[in-house]
file work-v8.cif (mmCIF, C-alpha atoms)
data_input
#
loop_
_atom_site.label_atom_id
_atom_site.label_comp_id
_atom_site.auth_asym_id
_atom_site.auth_seq_id
_atom_site.Cartn_x
_atom_site.Cartn_y
_atom_site.Cartn_z
CA GLY A 1 -9.64 -27.87 4.96
CA GLY A 2 -6.91 -27.55 7.59
CA GLY A 3 -4.15 -27.56 4.97
CA ARG A 4 -0.71 -28.58 6.13
CA TYR A 5 -1.64 -28.03 9.78
CA ALA A 6 -4.51 -30.52 9.64
CA GLU A 7 -2.47 -33.19 11.41
CA TYR A 8 -1.91 -30.98 14.45
CA GLY A 9 -3.88 -31.67 17.56
CA GLU A 10 -5.32 -28.61 19.28
CA PHE A 11 -2.57 -28.53 21.92
CA GLN A 12 0.09 -28.79 19.24
CA THR A 13 -1.54 -25.96 17.31
CA VAL A 14 -1.51 -23.73 20.38
CA GLN A 15 2.12 -24.64 20.98
CA HIS A 16 3.00 -23.84 17.35
CA TYR A 17 1.43 -20.41 17.46
CA PHE A 18 2.94 -19.50 20.84
CA LYS A 19 6.36 -20.38 19.45
CA GLN A 20 5.67 -18.19 16.42
CA ILE A 21 4.43 -15.26 18.50
CA ASN A 22 7.29 -15.46 21.01
CA LEU A 23 9.86 -15.63 18.23
CA SER A 24 8.45 -12.55 16.50
CA VAL A 25 8.43 -10.64 19.79
CA MET A 26 12.05 -11.63 20.42
CA LEU A 27 13.10 -10.58 16.94
CA ARG A 28 11.36 -7.22 17.20
CA SER A 29 13.27 -6.51 20.42
CA PHE A 30 16.54 -6.69 18.45
CA VAL A 31 15.67 -5.12 15.09
CA ARG A 32 12.85 -3.01 13.75
CA PRO A 33 12.72 -3.55 9.99
CA ALA A 34 10.98 -1.15 7.64
CA SER A 35 8.21 -3.69 7.12
CA THR A 36 7.28 -3.51 10.82
CA ILE A 37 7.13 0.27 11.08
CA GLY A 38 3.67 1.04 12.42
CA GLN A 39 3.43 -2.44 13.92
CA LYS A 40 1.38 -1.12 16.83
CA ALA A 41 -1.35 -1.35 14.21
CA VAL A 42 -4.18 -3.75 14.69
CA SER A 43 -7.17 -4.40 12.37
CA SER A 44 -10.80 -5.28 11.35
CA THR A 45 -13.96 -7.44 10.47
CA ALA A 46 -16.51 -7.11 7.75
CA THR A 47 -20.22 -7.41 7.34
CA PRO A 48 -21.28 -10.30 5.08
CA ARG A 49 -22.66 -9.29 1.68
CA THR A 50 -25.37 -10.99 -0.35
CA ARG A 51 -24.80 -9.31 -3.73
CA TYR A 52 -22.60 -12.11 -4.98
CA GLY A 53 -25.28 -14.79 -5.34
CA GLY A 54 -24.39 -18.18 -3.90
CA LYS A 55 -22.16 -18.38 -0.86
CA THR A 56 -18.57 -19.37 -1.54
CA THR A 57 -16.91 -21.09 1.40
CA VAL A 58 -13.16 -20.59 1.64
CA THR A 59 -11.27 -22.71 4.18
CA LEU A 60 -7.72 -21.52 4.17
CA ILE A 61 -6.53 -20.30 7.54
CA PRO A 62 -3.77 -22.74 8.57
CA VAL A 63 -5.19 -23.60 11.97
CA ARG A 64 -8.00 -25.94 12.85
CA ASN A 65 -9.91 -23.62 15.08
CA MET A 66 -10.30 -20.03 13.84
CA ALA A 67 -11.53 -18.96 17.28
CA LEU A 68 -8.30 -20.32 18.72
CA LEU A 69 -6.17 -18.16 16.42
CA THR A 70 -8.28 -15.12 17.31
CA ALA A 71 -7.88 -15.87 21.02
CA LEU A 72 -4.12 -16.25 20.66
CA ARG A 73 -3.97 -12.81 19.06
CA GLY A 74 -5.98 -11.31 21.92
CA GLY A 75 -9.10 -10.93 19.75
CA PRO A 76 -9.58 -9.66 16.21
CA ASP A 77 -7.44 -6.78 15.01
CA THR A 78 -9.27 -3.53 14.27
CA VAL A 79 -8.50 -1.62 11.07
CA THR A 80 -9.85 1.78 10.07
CA LEU A 81 -11.61 1.49 6.70
CA ILE A 82 -12.20 4.68 4.70
CA PRO A 83 -13.80 3.75 1.35
CA GLY A 84 -13.40 7.28 -0.06
CA ASP A 85 -14.91 8.79 -3.20
CA GLY A 86 -15.95 7.48 -6.61
CA VAL A 87 -15.61 3.71 -6.98
CA GLY A 88 -13.92 3.47 -3.56
CA PRO A 89 -16.98 2.06 -1.73
CA GLU A 90 -17.34 -0.69 -4.37
CA LEU A 91 -13.68 -1.63 -4.02
CA ALA A 92 -13.98 -1.61 -0.22
CA GLU A 93 -17.02 -3.90 -0.51
CA SER A 94 -14.93 -6.35 -2.51
CA VAL A 95 -12.34 -6.47 0.29
CA THR A 96 -14.85 -6.84 3.12
CA THR A 97 -16.64 -9.64 1.26
CA ILE A 98 -13.37 -11.54 0.73
CA PHE A 99 -12.27 -11.05 4.34
CA LYS A 100 -15.60 -12.33 5.61
CA GLU A 101 -15.35 -15.47 3.50
CA MET A 102 -11.72 -16.02 4.54
CA ALA A 103 -12.70 -15.61 8.21
CA VAL A 104 -9.51 -13.68 9.00
CA PRO A 105 -9.39 -12.24 12.55
CA VAL A 106 -9.83 -8.68 11.35
CA GLN A 107 -12.67 -6.26 11.99
CA PHE A 108 -13.19 -2.95 10.22
CA GLU A 109 -14.08 0.33 11.83
CA GLU A 110 -15.67 1.84 8.74
CA ILE A 111 -15.71 5.62 8.45
CA GLN A 112 -17.64 7.34 5.68
CA LEU A 113 -15.45 10.21 4.57
CA ASN A 114 -15.57 11.71 1.10
CA ARG A 115 -15.39 15.03 -0.73
CA GLU A 116 -18.66 16.27 0.77
CA LEU A 117 -18.17 14.99 4.30
CA MET A 118 -14.66 16.44 4.43
CA LYS A 119 -16.32 19.84 4.85
CA ASP A 120 -17.11 18.66 8.37
CA GLU A 121 -13.94 19.19 10.39
CA GLY A 122 -15.31 16.88 13.07
CA ALA A 123 -15.57 13.98 10.60
CA PHE A 124 -11.98 14.50 9.44
CA GLU A 125 -10.65 14.71 12.98
CA TYR A 126 -12.56 11.55 13.93
CA ALA A 127 -10.98 9.69 11.02
CA ILE A 128 -7.51 10.83 12.10
CA LYS A 129 -8.18 9.72 15.69
CA SER A 130 -9.42 6.34 14.49
CA LEU A 131 -6.29 5.76 12.40
CA LYS A 132 -4.05 6.77 15.31
CA ARG A 133 -5.98 4.54 17.69
CA ASN A 134 -6.02 1.46 15.44
CA GLY A 135 -2.59 1.98 13.90
CA VAL A 136 -3.62 0.41 10.58
CA GLY A 137 -5.89 1.76 7.84
CA LEU A 138 -7.27 0.64 4.50
CA LYS A 139 -8.21 3.68 2.48
CA GLY A 140 -9.70 4.68 -0.85
CA VAL A 141 -8.98 7.99 -2.55
CA ILE A 142 -10.75 11.18 -1.44
CA ASN A 143 -11.35 13.86 -4.08
CA ARG A 144 -10.14 17.39 -3.57
CA SER A 145 -12.94 19.44 -2.02
CA ALA A 146 -14.55 22.51 -3.50
CA ASP A 147 -12.39 24.76 -1.31
CA PHE A 148 -9.30 23.20 -2.98
CA ARG A 149 -8.11 21.50 0.18
CA HIS A 150 -6.32 18.26 -0.68
CA HIS A 151 -7.38 15.90 2.07
CA ASN A 152 -5.18 12.98 1.03
CA LEU A 153 -2.23 15.28 1.76
CA GLU A 154 -3.77 16.31 5.05
CA PHE A 155 -4.04 12.66 6.05
CA ARG A 156 -0.37 12.03 5.29
CA GLY A 157 0.78 15.18 7.06
CA GLY A 158 -1.49 14.76 10.07
CA LEU A 159 -0.41 11.15 10.57
CA ASP A 160 3.20 11.64 9.43
CA VAL A 161 2.99 8.60 7.14
CA TYR A 162 6.21 9.65 5.50
CA ALA A 163 7.10 6.66 3.30
CA ASN A 164 4.87 5.61 0.40
CA VAL A 165 5.76 2.27 -1.21
CA VAL A 166 4.30 1.33 -4.61
CA ARG A 167 5.12 -2.02 -6.19
CA CYS A 168 4.71 -2.26 -9.96
CA MET A 169 5.13 -5.75 -11.40
CA SER A 170 4.20 -7.48 -14.63
CA PHE A 171 1.38 -10.04 -14.78
CA GLU A 172 1.55 -12.82 -17.36
CA GLY A 173 -2.12 -12.42 -18.20
CA ILE A 174 -1.98 -8.67 -18.84
CA LYS A 175 -0.61 -7.90 -22.27
CA THR A 176 1.71 -4.88 -22.13
CA HIS A 177 4.65 -3.61 -24.14
CA HIS A 178 7.16 -4.79 -21.52
CA THR A 179 7.43 -7.99 -19.47
CA GLY A 180 9.49 -8.82 -16.41
CA ILE A 181 8.93 -5.53 -14.58
CA ASP A 182 9.23 -5.68 -10.78
CA LEU A 183 10.11 -2.31 -9.31
CA ILE A 184 9.47 -0.51 -6.04
CA ALA A 185 8.84 3.25 -6.05
CA ILE A 186 9.41 4.82 -2.63
CA ARG A 187 8.44 8.47 -2.23
CA GLU A 188 8.80 10.90 0.63
CA ASN A 189 5.22 11.69 1.53
CA THR A 190 5.26 14.83 3.67
CA GLU A 191 7.27 17.63 2.03
CA GLY A 192 8.59 18.81 -1.34
CA GLU A 193 6.20 20.49 -3.79
CA TYR A 194 3.28 18.68 -2.11
CA SER A 195 3.62 20.77 1.04
CA SER A 196 0.75 22.96 -0.27
CA LEU A 197 2.68 26.09 0.67
CA GLU A 198 1.74 28.61 -2.00
CA HIS A 199 0.33 32.09 -2.14
CA GLU A 200 -0.41 34.93 -4.53
CA SER A 201 2.24 37.52 -3.65
CA VAL A 202 0.75 40.20 -5.95
CA PRO A 203 -2.17 39.87 -8.37
CA GLY A 204 -1.19 37.52 -11.18
CA VAL A 205 1.94 36.20 -9.45
CA VAL A 206 1.80 32.94 -7.48
CA GLU A 207 4.70 31.60 -5.43
CA SER A 208 4.90 27.92 -4.49
CA LEU A 209 7.42 26.78 -1.89
CA LYS A 210 9.31 23.50 -2.22
CA ILE A 211 10.55 22.38 1.17
CA ILE A 212 13.31 19.78 1.43
CA THR A 213 14.91 19.08 4.81
CA ARG A 214 17.91 17.01 5.75
CA GLU A 215 15.98 15.29 8.55
CA LYS A 216 13.23 13.96 6.30
CA SER A 217 15.56 13.22 3.39
CA MET A 218 17.77 11.08 5.63
CA ARG A 219 14.71 9.36 7.05
CA ILE A 220 13.28 8.33 3.66
CA ALA A 221 16.70 7.34 2.33
CA LYS A 222 17.28 5.03 5.30
CA PHE A 223 13.80 3.59 4.88
CA ALA A 224 14.51 2.83 1.21
CA PHE A 225 17.79 1.07 1.92
CA ASP A 226 16.29 -0.86 4.85
CA TYR A 227 13.41 -1.90 2.63
CA ALA A 228 15.80 -3.04 -0.10
CA ARG A 229 17.88 -5.06 2.33
CA GLU A 230 14.92 -6.73 4.01
CA HIS A 231 13.28 -7.65 0.69
CA ASN A 232 16.45 -8.96 -0.95
CA ARG A 233 16.61 -6.11 -3.44
CA LYS A 234 19.98 -5.39 -5.01
CA LYS A 235 19.86 -1.75 -6.11
CA VAL A 236 18.52 1.62 -4.96
CA THR A 237 18.26 4.50 -7.44
CA CYS A 238 17.88 8.09 -6.19
CA ILE A 239 15.63 10.08 -8.54
CA HIS A 240 16.23 13.84 -8.51
CA LYS A 241 16.48 17.08 -10.49
CA ALA A 242 19.62 18.41 -8.81
CA ASN A 243 21.03 19.66 -12.10
CA ILE A 244 18.46 22.49 -11.92
CA MET A 245 17.34 22.58 -8.27
CA LYS A 246 20.85 22.44 -6.93
CA LEU A 247 20.04 23.25 -3.31
CA SER A 248 16.78 21.38 -2.64
CA ASP A 249 17.26 18.28 -4.79
CA GLY A 250 20.98 18.59 -4.21
CA LEU A 251 20.33 18.12 -0.50
CA PHE A 252 18.05 15.14 -1.14
CA LYS A 253 20.64 13.49 -3.39
CA ALA A 254 23.45 14.13 -0.91
CA CYS A 255 21.44 12.50 1.88
CA CYS A 256 20.75 9.41 -0.23
CA LYS A 257 24.44 9.18 -1.10
CA GLU A 258 25.43 9.50 2.55
CA VAL A 259 23.02 6.76 3.66
CA SER A 260 24.14 4.46 0.83
CA GLU A 261 27.60 4.27 2.37
CA ASP A 262 26.14 2.26 5.28
CA TYR A 263 24.80 -0.39 2.86
CA PRO A 264 27.77 -1.65 0.83
CA MET A 265 25.81 -4.78 -0.16
CA ILE A 266 23.33 -2.65 -2.17
CA THR A 267 24.25 -0.96 -5.45
CA TYR A 268 23.52 2.77 -5.41
CA GLU A 269 22.76 4.88 -8.47
CA GLU A 270 21.44 8.37 -9.19
CA GLN A 271 19.28 9.47 -12.09
CA ILE A 272 17.68 12.75 -13.21
CA VAL A 273 13.89 12.43 -13.17
CA ASP A 274 13.26 13.30 -16.83
CA ASN A 275 15.76 10.65 -17.88
CA THR A 276 14.05 8.24 -15.49
CA CYS A 277 10.73 8.71 -17.28
CA GLN A 278 12.38 7.96 -20.62
CA GLN A 279 14.23 4.95 -19.22
CA LEU A 280 11.02 3.58 -17.72
CA VAL A 281 9.46 3.57 -21.17
CA ILE A 282 12.54 2.12 -22.90
CA ASN A 283 13.96 -0.31 -20.33
CA PRO A 284 11.96 -0.50 -17.07
CA GLN A 285 13.61 -3.79 -16.08
CA GLN A 286 16.76 -1.88 -15.07
CA PHE A 287 15.02 -0.48 -11.98
CA ASP A 288 14.75 -2.23 -8.63
CA VAL A 289 14.08 0.16 -5.70
CA MET A 290 13.69 3.86 -6.51
CA VAL A 291 13.63 6.60 -3.87
CA MET A 292 12.56 10.16 -4.59
CA PRO A 293 10.86 13.33 -3.30
CA ASN A 294 7.08 13.61 -3.29
CA LEU A 295 6.21 15.05 -6.72
CA TYR A 296 8.58 12.80 -8.66
CA GLY A 297 7.20 9.81 -6.78
CA ASN A 298 3.69 10.61 -7.92
CA LEU A 299 4.77 10.93 -11.56
CA VAL A 300 7.03 7.88 -11.58
CA SER A 301 4.61 5.55 -9.78
CA ASN A 302 1.74 6.48 -12.12
CA LEU A 303 3.94 6.01 -15.18
CA ALA A 304 5.15 2.66 -13.89
CA ALA A 305 1.55 1.63 -13.13
CA GLY A 306 0.66 2.29 -16.75
CA LEU A 307 3.47 -0.01 -17.88
CA VAL A 308 2.07 -3.03 -16.01
CA GLY A 309 -1.66 -2.66 -16.65
CA GLY A 310 -2.91 0.53 -15.04
CA ALA A 311 -4.36 1.83 -11.81
CA GLY A 312 -6.46 -1.27 -11.19
CA VAL A 313 -3.55 -3.64 -10.51
CA VAL A 314 -1.03 -1.60 -8.48
CA PRO A 315 -1.16 -1.67 -4.65
CA SER A 316 0.62 0.64 -2.22
CA LYS A 317 1.30 1.17 1.44
CA SER A 318 2.39 4.17 3.48
CA TYR A 319 4.29 3.96 6.75
CA GLY A 320 4.79 6.22 9.72
CA GLU A 321 6.51 5.43 13.00
CA ASN A 322 3.37 3.97 14.57
CA ILE A 323 0.94 3.62 11.70
CA ALA A 324 0.50 1.95 8.33
CA VAL A 325 -2.08 2.90 5.69
CA PHE A 326 -2.83 0.69 2.67
CA GLU A 327 -4.45 1.98 -0.51
CA PRO A 328 -4.34 1.61 -4.31
CA GLY A 329 -1.01 2.77 -5.72
CA ALA A 330 -2.39 5.00 -8.50
CA ARG A 331 -4.79 7.35 -6.78
CA HIS A 332 -7.79 7.82 -9.06
CA THR A 333 -11.42 7.99 -7.88
CA TRP A 334 -13.07 7.29 -11.29
CA MET A 335 -16.05 9.41 -10.26
CA GLU A 336 -17.86 8.98 -13.58
CA MET A 337 -18.24 5.24 -12.96
CA LYS A 338 -19.43 5.55 -9.36
CA GLY A 339 -22.09 2.97 -8.49
CA MET A 340 -21.74 1.01 -11.73
CA TYR A 341 -19.58 -1.81 -10.30
CA VAL A 342 -17.20 -1.88 -13.27
CA ALA A 343 -13.96 -0.94 -11.46
CA ASN A 344 -11.10 -3.40 -11.10
CA PRO A 345 -10.78 -4.39 -7.39
CA ALA A 346 -7.35 -6.04 -7.77
CA ALA A 347 -5.29 -3.08 -6.50
CA MET A 348 -7.46 -2.63 -3.41
CA VAL A 349 -7.53 -6.38 -2.71
CA LEU A 350 -3.75 -6.65 -3.13
CA SER A 351 -3.33 -3.67 -0.78
CA SER A 352 -5.49 -5.47 1.78
CA ALA A 353 -3.39 -8.63 1.35
CA PHE A 354 -0.23 -6.66 2.16
CA MET A 355 -2.12 -5.30 5.15
CA LEU A 356 -2.71 -8.88 6.35
CA LYS A 357 1.00 -9.57 6.07
CA HIS A 358 1.71 -6.39 8.03
CA LEU A 359 -0.58 -7.77 10.74
CA GLN A 360 1.49 -10.98 10.70
CA LEU A 361 -1.35 -12.95 9.11
CA ASN A 362 1.21 -14.05 6.56
CA GLU A 363 -0.40 -17.22 5.26
CA ALA A 364 -3.73 -15.52 4.63
CA GLY A 365 -1.99 -12.57 2.97
CA ASP A 366 0.14 -14.79 0.72
CA LEU A 367 -2.86 -16.87 -0.33
CA LEU A 368 -4.86 -13.77 -1.20
CA ILE A 369 -1.98 -12.38 -3.28
CA LYS A 370 -1.68 -15.71 -5.10
CA ALA A 371 -5.43 -15.83 -5.74
CA VAL A 372 -5.43 -12.35 -7.30
CA ASN A 373 -2.35 -13.19 -9.37
CA ASN A 374 -4.02 -16.38 -10.62
CA VAL A 375 -7.16 -14.53 -11.69
CA LEU A 376 -5.12 -11.95 -13.60
CA ASN A 377 -2.65 -14.41 -15.12
CA LYS A 378 -5.33 -16.87 -16.26
CA ARG A 379 -7.35 -14.00 -17.81
CA SER A 380 -10.40 -15.87 -16.55
CA CYS A 381 -12.20 -12.72 -15.38
CA MET A 382 -11.02 -9.34 -16.64
CA THR A 383 -12.64 -5.97 -15.99
CA ILE A 384 -13.04 -3.34 -18.70
CA ASP A 385 -9.72 -1.62 -17.90
CA LEU A 386 -7.99 -4.90 -18.83
CA GLY A 387 -9.99 -5.45 -22.02
CA GLY A 388 -12.72 -7.65 -20.55
CA GLN A 389 -16.37 -7.24 -19.62
CA ALA A 390 -16.37 -8.53 -16.03
CA SER A 391 -17.83 -6.44 -13.24
CA THR A 392 -16.33 -5.68 -9.84
CA LEU A 393 -18.60 -8.35 -8.44
CA ASP A 394 -17.49 -10.89 -11.05
CA MET A 395 -13.82 -10.42 -10.24
CA THR A 396 -14.49 -10.60 -6.51
CA LYS A 397 -16.25 -13.92 -7.00
CA ALA A 398 -13.38 -15.16 -9.21
CA ILE A 399 -10.88 -14.33 -6.46
CA LEU A 400 -13.01 -16.25 -3.95
CA MET A 401 -13.09 -19.25 -6.26
CA GLU A 402 -9.30 -19.15 -6.59
CA LEU A 403 -8.99 -18.99 -2.81
CA ASP A 404 -11.23 -22.04 -2.56
CA ALA A 405 -9.05 -23.90 -5.08
CA LEU A 406 -5.87 -22.97 -3.21
CA ALA A 407 -7.17 -23.95 0.24
#
call {"tool": "encode", "arguments": {"input": "work-v8.cif", "output": "structure tokens"}}
result
Amino acid sequence: GGGRYAEYGEFQTVQHYFKQINLSVMLRSFVRPASTIGQKAVSSTATPRTRYGGKTTVTLIPVRNMALLTALRGGPDTVTLIPGDGVGPELAESVTTIFKEMAVPVQFEEIQLNRELMKDEGAFEYAIKSLKRNGVGLKGVINRSADFRHHNLEFRGGLDVYANVVRCMSFEGIKTHHTGIDLIAIRENTEGEYSSLEHESVPGVVESLKIITREKSMRIAKFAFDYAREHNRKKVTCIHKANIMKLSDGLFKACCKEVSEDYPMITYEEQIVDNTCQQLVINPQQFDVMVMPNLYGNLVSNLAAGLVGGAGVVPSKSYGENIAVFEPGARHTWMEMKGMYVANPAAMVLSSAFMLKHLQLNEAGDLLIKAVNNVLNKRSCMTIDLGGQASTLDMTKAILMELDALA
């Protein structure tokens, strides 16, 4: 099961990995691409589960001795795992089971934090410290608490994970109105209408502040163009409502336009957000990379998720300067199905695969992405959101079987 590295002797394998590590270090000293923002991050291991019946052995790490790879990396990476509310713990269990079977050098620092526990300020602060310490997190969605605090926003603000990246792409096995969709929605994560700055000025009158700054608009615009360049994307579209909000969205649009001038190889367009929603429904294939303020990003990414199969198949990642957090792209807890093991784990598993790639475990990440794609495209095991009857456990086992076939 050593794959294409099976012919390597142990010394050659060591030599190969030292070359790889030294090259990546050298490259990072010259350029810091968007994909390596938060690269101080290191990650986690999982407890084996027995719910899945017979043990499935997956031999796919491209090195003979897994302990050798772990040693070369200075030990396993530690990732903060926050399962969250609703079906989040079931989706997290799917990931930890798969990671255990893959034997990736990752260990999870699991933190139980949900709507109820968020009342404990100490628990929230501990979670923030863990994410800052580890630099990488895998996170479910946390429901808004009874006091109306929105803790997902508090996470993003407290950690300054300013760039949220959602990839929406068509799967052959999921029947939808459109095919050939492959778009990236990039949203500014820390200001705009989601700043939670509102108050009742007099009884019956509520004011909500929308904050847009040049500093953060330039930062997200540069991130979007860097991301497009590094992922061989050809076009960036700025989504705005500057025809009405001439100052705030006007500033955002002007910043995107200014940054675009430094990237002549990338086509730049602008589009009003209501037209964007219509165009997504009519002709979503026209979009490549889209960059937008916070609220529009939430609306557009959820609409785009619906076009390719729904919340269960869309992953996302959020980046700060020294941190990266991976989570499902459409943030729904599905509280009514909690504990029933009927949720689709694909989005969470795909998010974890992108996390592996972030940790430079590229072969493991690519294989996991391919395994999930194969399960979805073959329609061999579909959960109820995709028109099937499979459980979360069934799909997890199907992904493990695909990994075994690919090894």
call {"tool": "resolve_selection", "arguments": {"input": "work-v8.cif", "expression": "the PyMOL selection byres ((chain A and resi 197) around 7)", "output": "list of chain:residue names"}}
result
A:Ser195, A:Ser196, A:Glu198, A:Ser208, A:Leu209
call {"tool": "resolve_selection", "arguments": {"input": "work-v8.cif", "expression": "the PyMOL selection byres ((chain A and resi 241) around 9)", "output": "VMD selection string"}}
result
chain A and resid 239 to 240 242 to 246 248 to 250 253 271 to 274
call {"tool": "resolve_selection", "arguments": {"input": "work-v8.cif", "expression": "the PyMOL selection byres ((chain A and resi 370) around 10)", "output": "PyMOL selection string"}}
result
chain A and resi 350+353+364-369+371-376+399+402-403+406
call {"tool": "write_last_selection", "arguments": {"input": "work-v8.cif", "atoms": "C-alpha atoms", "output": "PDB file, keeping the file's coordinate frame"}}
result
ATOM      1  CA  LEU A 350      -3.750  -6.650  -3.130  1.00  0.00           C
ATOM      2  CA  ALA A 353      -3.390  -8.630   1.350  1.00  0.00           C
ATOM      3  CA  ALA A 364      -3.730 -15.520   4.630  1.00  0.00           C
ATOM      4  CA  GLY A 365      -1.990 -12.570   2.970  1.00  0.00           C
ATOM      5  CA  ASP A 366       0.140 -14.790   0.720  1.00  0.00           C
ATOM      6  CA  LEU A 367      -2.860 -16.870  -0.330  1.00  0.00           C
ATOM      7  CA  LEU A 368      -4.860 -13.770  -1.200  1.00  0.00           C
ATOM      8  CA  ILE A 369      -1.980 -12.380  -3.280  1.00  0.00           C
ATOM      9  CA  ALA A 371      -5.430 -15.830  -5.740  1.00  0.00           C
ATOM     10  CA  VAL A 372      -5.430 -12.350  -7.300  1.00  0.00           C
ATOM     11  CA  ASN A 373      -2.350 -13.190  -9.370  1.00  0.00           C
ATOM     12  CA  ASN A 374      -4.020 -16.380 -10.620  1.00  0.00           C
ATOM     13  CA  VAL A 375      -7.160 -14.530 -11.690  1.00  0.00           C
ATOM     14  CA  LEU A 376      -5.120 -11.950 -13.600  1.00  0.00           C
ATOM     15  CA  ILE A 399     -10.880 -14.330  -6.460  1.00  0.00           C
ATOM     16  CA  GLU A 402      -9.300 -19.150  -6.590  1.00  0.00           C
ATOM     17  CA  LEU A 403      -8.990 -18.990  -2.810  1.00  0.00           C
ATOM     18  CA  LEU A 406      -5.870 -22.970  -3.210  1.00  0.00           C
TER      19      LEU A 406
END
call {"tool": "residues_around", "arguments": {"input": "work-v8.cif", "residues": "Asn294 of chain A", "least_positions_apart": "3", "cutoff": "7 Å", "atoms": "only C-alpha atoms", "output": "list in words"}}
result
Arg187, Glu188, Asn189, Glu191, Gly192, Glu193, Tyr194, Gly297 and Asn298 of chain A
call {"tool": "atom_distance", "arguments": {"input": "work-v8.cif", "atom1": "atom CA of Pro83 of chain A", "atom2": "atom CA of Trp334 of chain A"}}
result
13.1 Å
call {"tool": "closest_residue", "arguments": {"input": "work-v8.cif", "among": "A:Phe223, A:Phe171, A:Met355, A:Leu361", "to": "Ala103 of chain A", "atoms": "only C-alpha atoms"}}
result
A:Leu361
call {"tool": "closest_residue", "arguments": {"input": "work-v8.cif", "among": "A:Glu363, A:Asp85, A:Glu93, A:Glu230", "to": "Pro345 of chain A", "atoms": "only C-alpha atoms"}}
result
A:Glu93
call {"tool": "residues_near_point", "arguments": {"input": "work-v8.cif", "point": "(-6.2, -0.7, -15.7)", "cutoff": "10 Å", "atoms": "all atoms listed in the file", "output": "list in words"}}
result
Ile174, Ala305, Gly306, Leu307, Val308, Gly309, Gly310, Ala311, Gly312, Val313, Val314, Ala330, Ala343, Asn344, Ala346, Ala347, Met382, Thr383, Ile384, Asp385, Leu386 and Gly387 of chain A
call {"tool": "write_last_selection", "arguments": {"input": "work-v8.cif", "atoms": "C-alpha atoms", "output": "tab-separated table (two decimals), keeping the file's coordinate frame"}}
result
chain	number	residue	atom	x	y	z
A	174	ILE	CA	-1.98	-8.67	-18.84
A	305	ALA	CA	1.55	1.63	-13.13
A	306	GLY	CA	0.66	2.29	-16.75
A	307	LEU	CA	3.47	-0.01	-17.88
A	308	VAL	CA	2.07	-3.03	-16.01
A	309	GLY	CA	-1.66	-2.66	-16.65
A	310	GLY	CA	-2.91	0.53	-15.04
A	311	ALA	CA	-4.36	1.83	-11.81
A	312	GLY	CA	-6.46	-1.27	-11.19
A	313	VAL	CA	-3.55	-3.64	-10.51
A	314	VAL	CA	-1.03	-1.60	-8.48
A	330	ALA	CA	-2.39	5.00	-8.50
A	343	ALA	CA	-13.96	-0.94	-11.46
A	344	ASN	CA	-11.10	-3.40	-11.10
A	346	ALA	CA	-7.35	-6.04	-7.77
A	347	ALA	CA	-5.29	-3.08	-6.50
A	382	MET	CA	-11.02	-9.34	-16.64
A	383	THR	CA	-12.64	-5.97	-15.99
A	384	ILE	CA	-13.04	-3.34	-18.70
A	385	ASP	CA	-9.72	-1.62	-17.90
A	386	LEU	CA	-7.99	-4.90	-18.83
A	387	GLY	CA	-9.99	-5.45	-22.02
call {"tool": "atom_distance", "arguments": {"input": "work-v8.cif", "atom1": "atom CA of Tyr227 of chain A", "atom2": "atom CA of Val136 of chain A"}}
result
18.9 Å
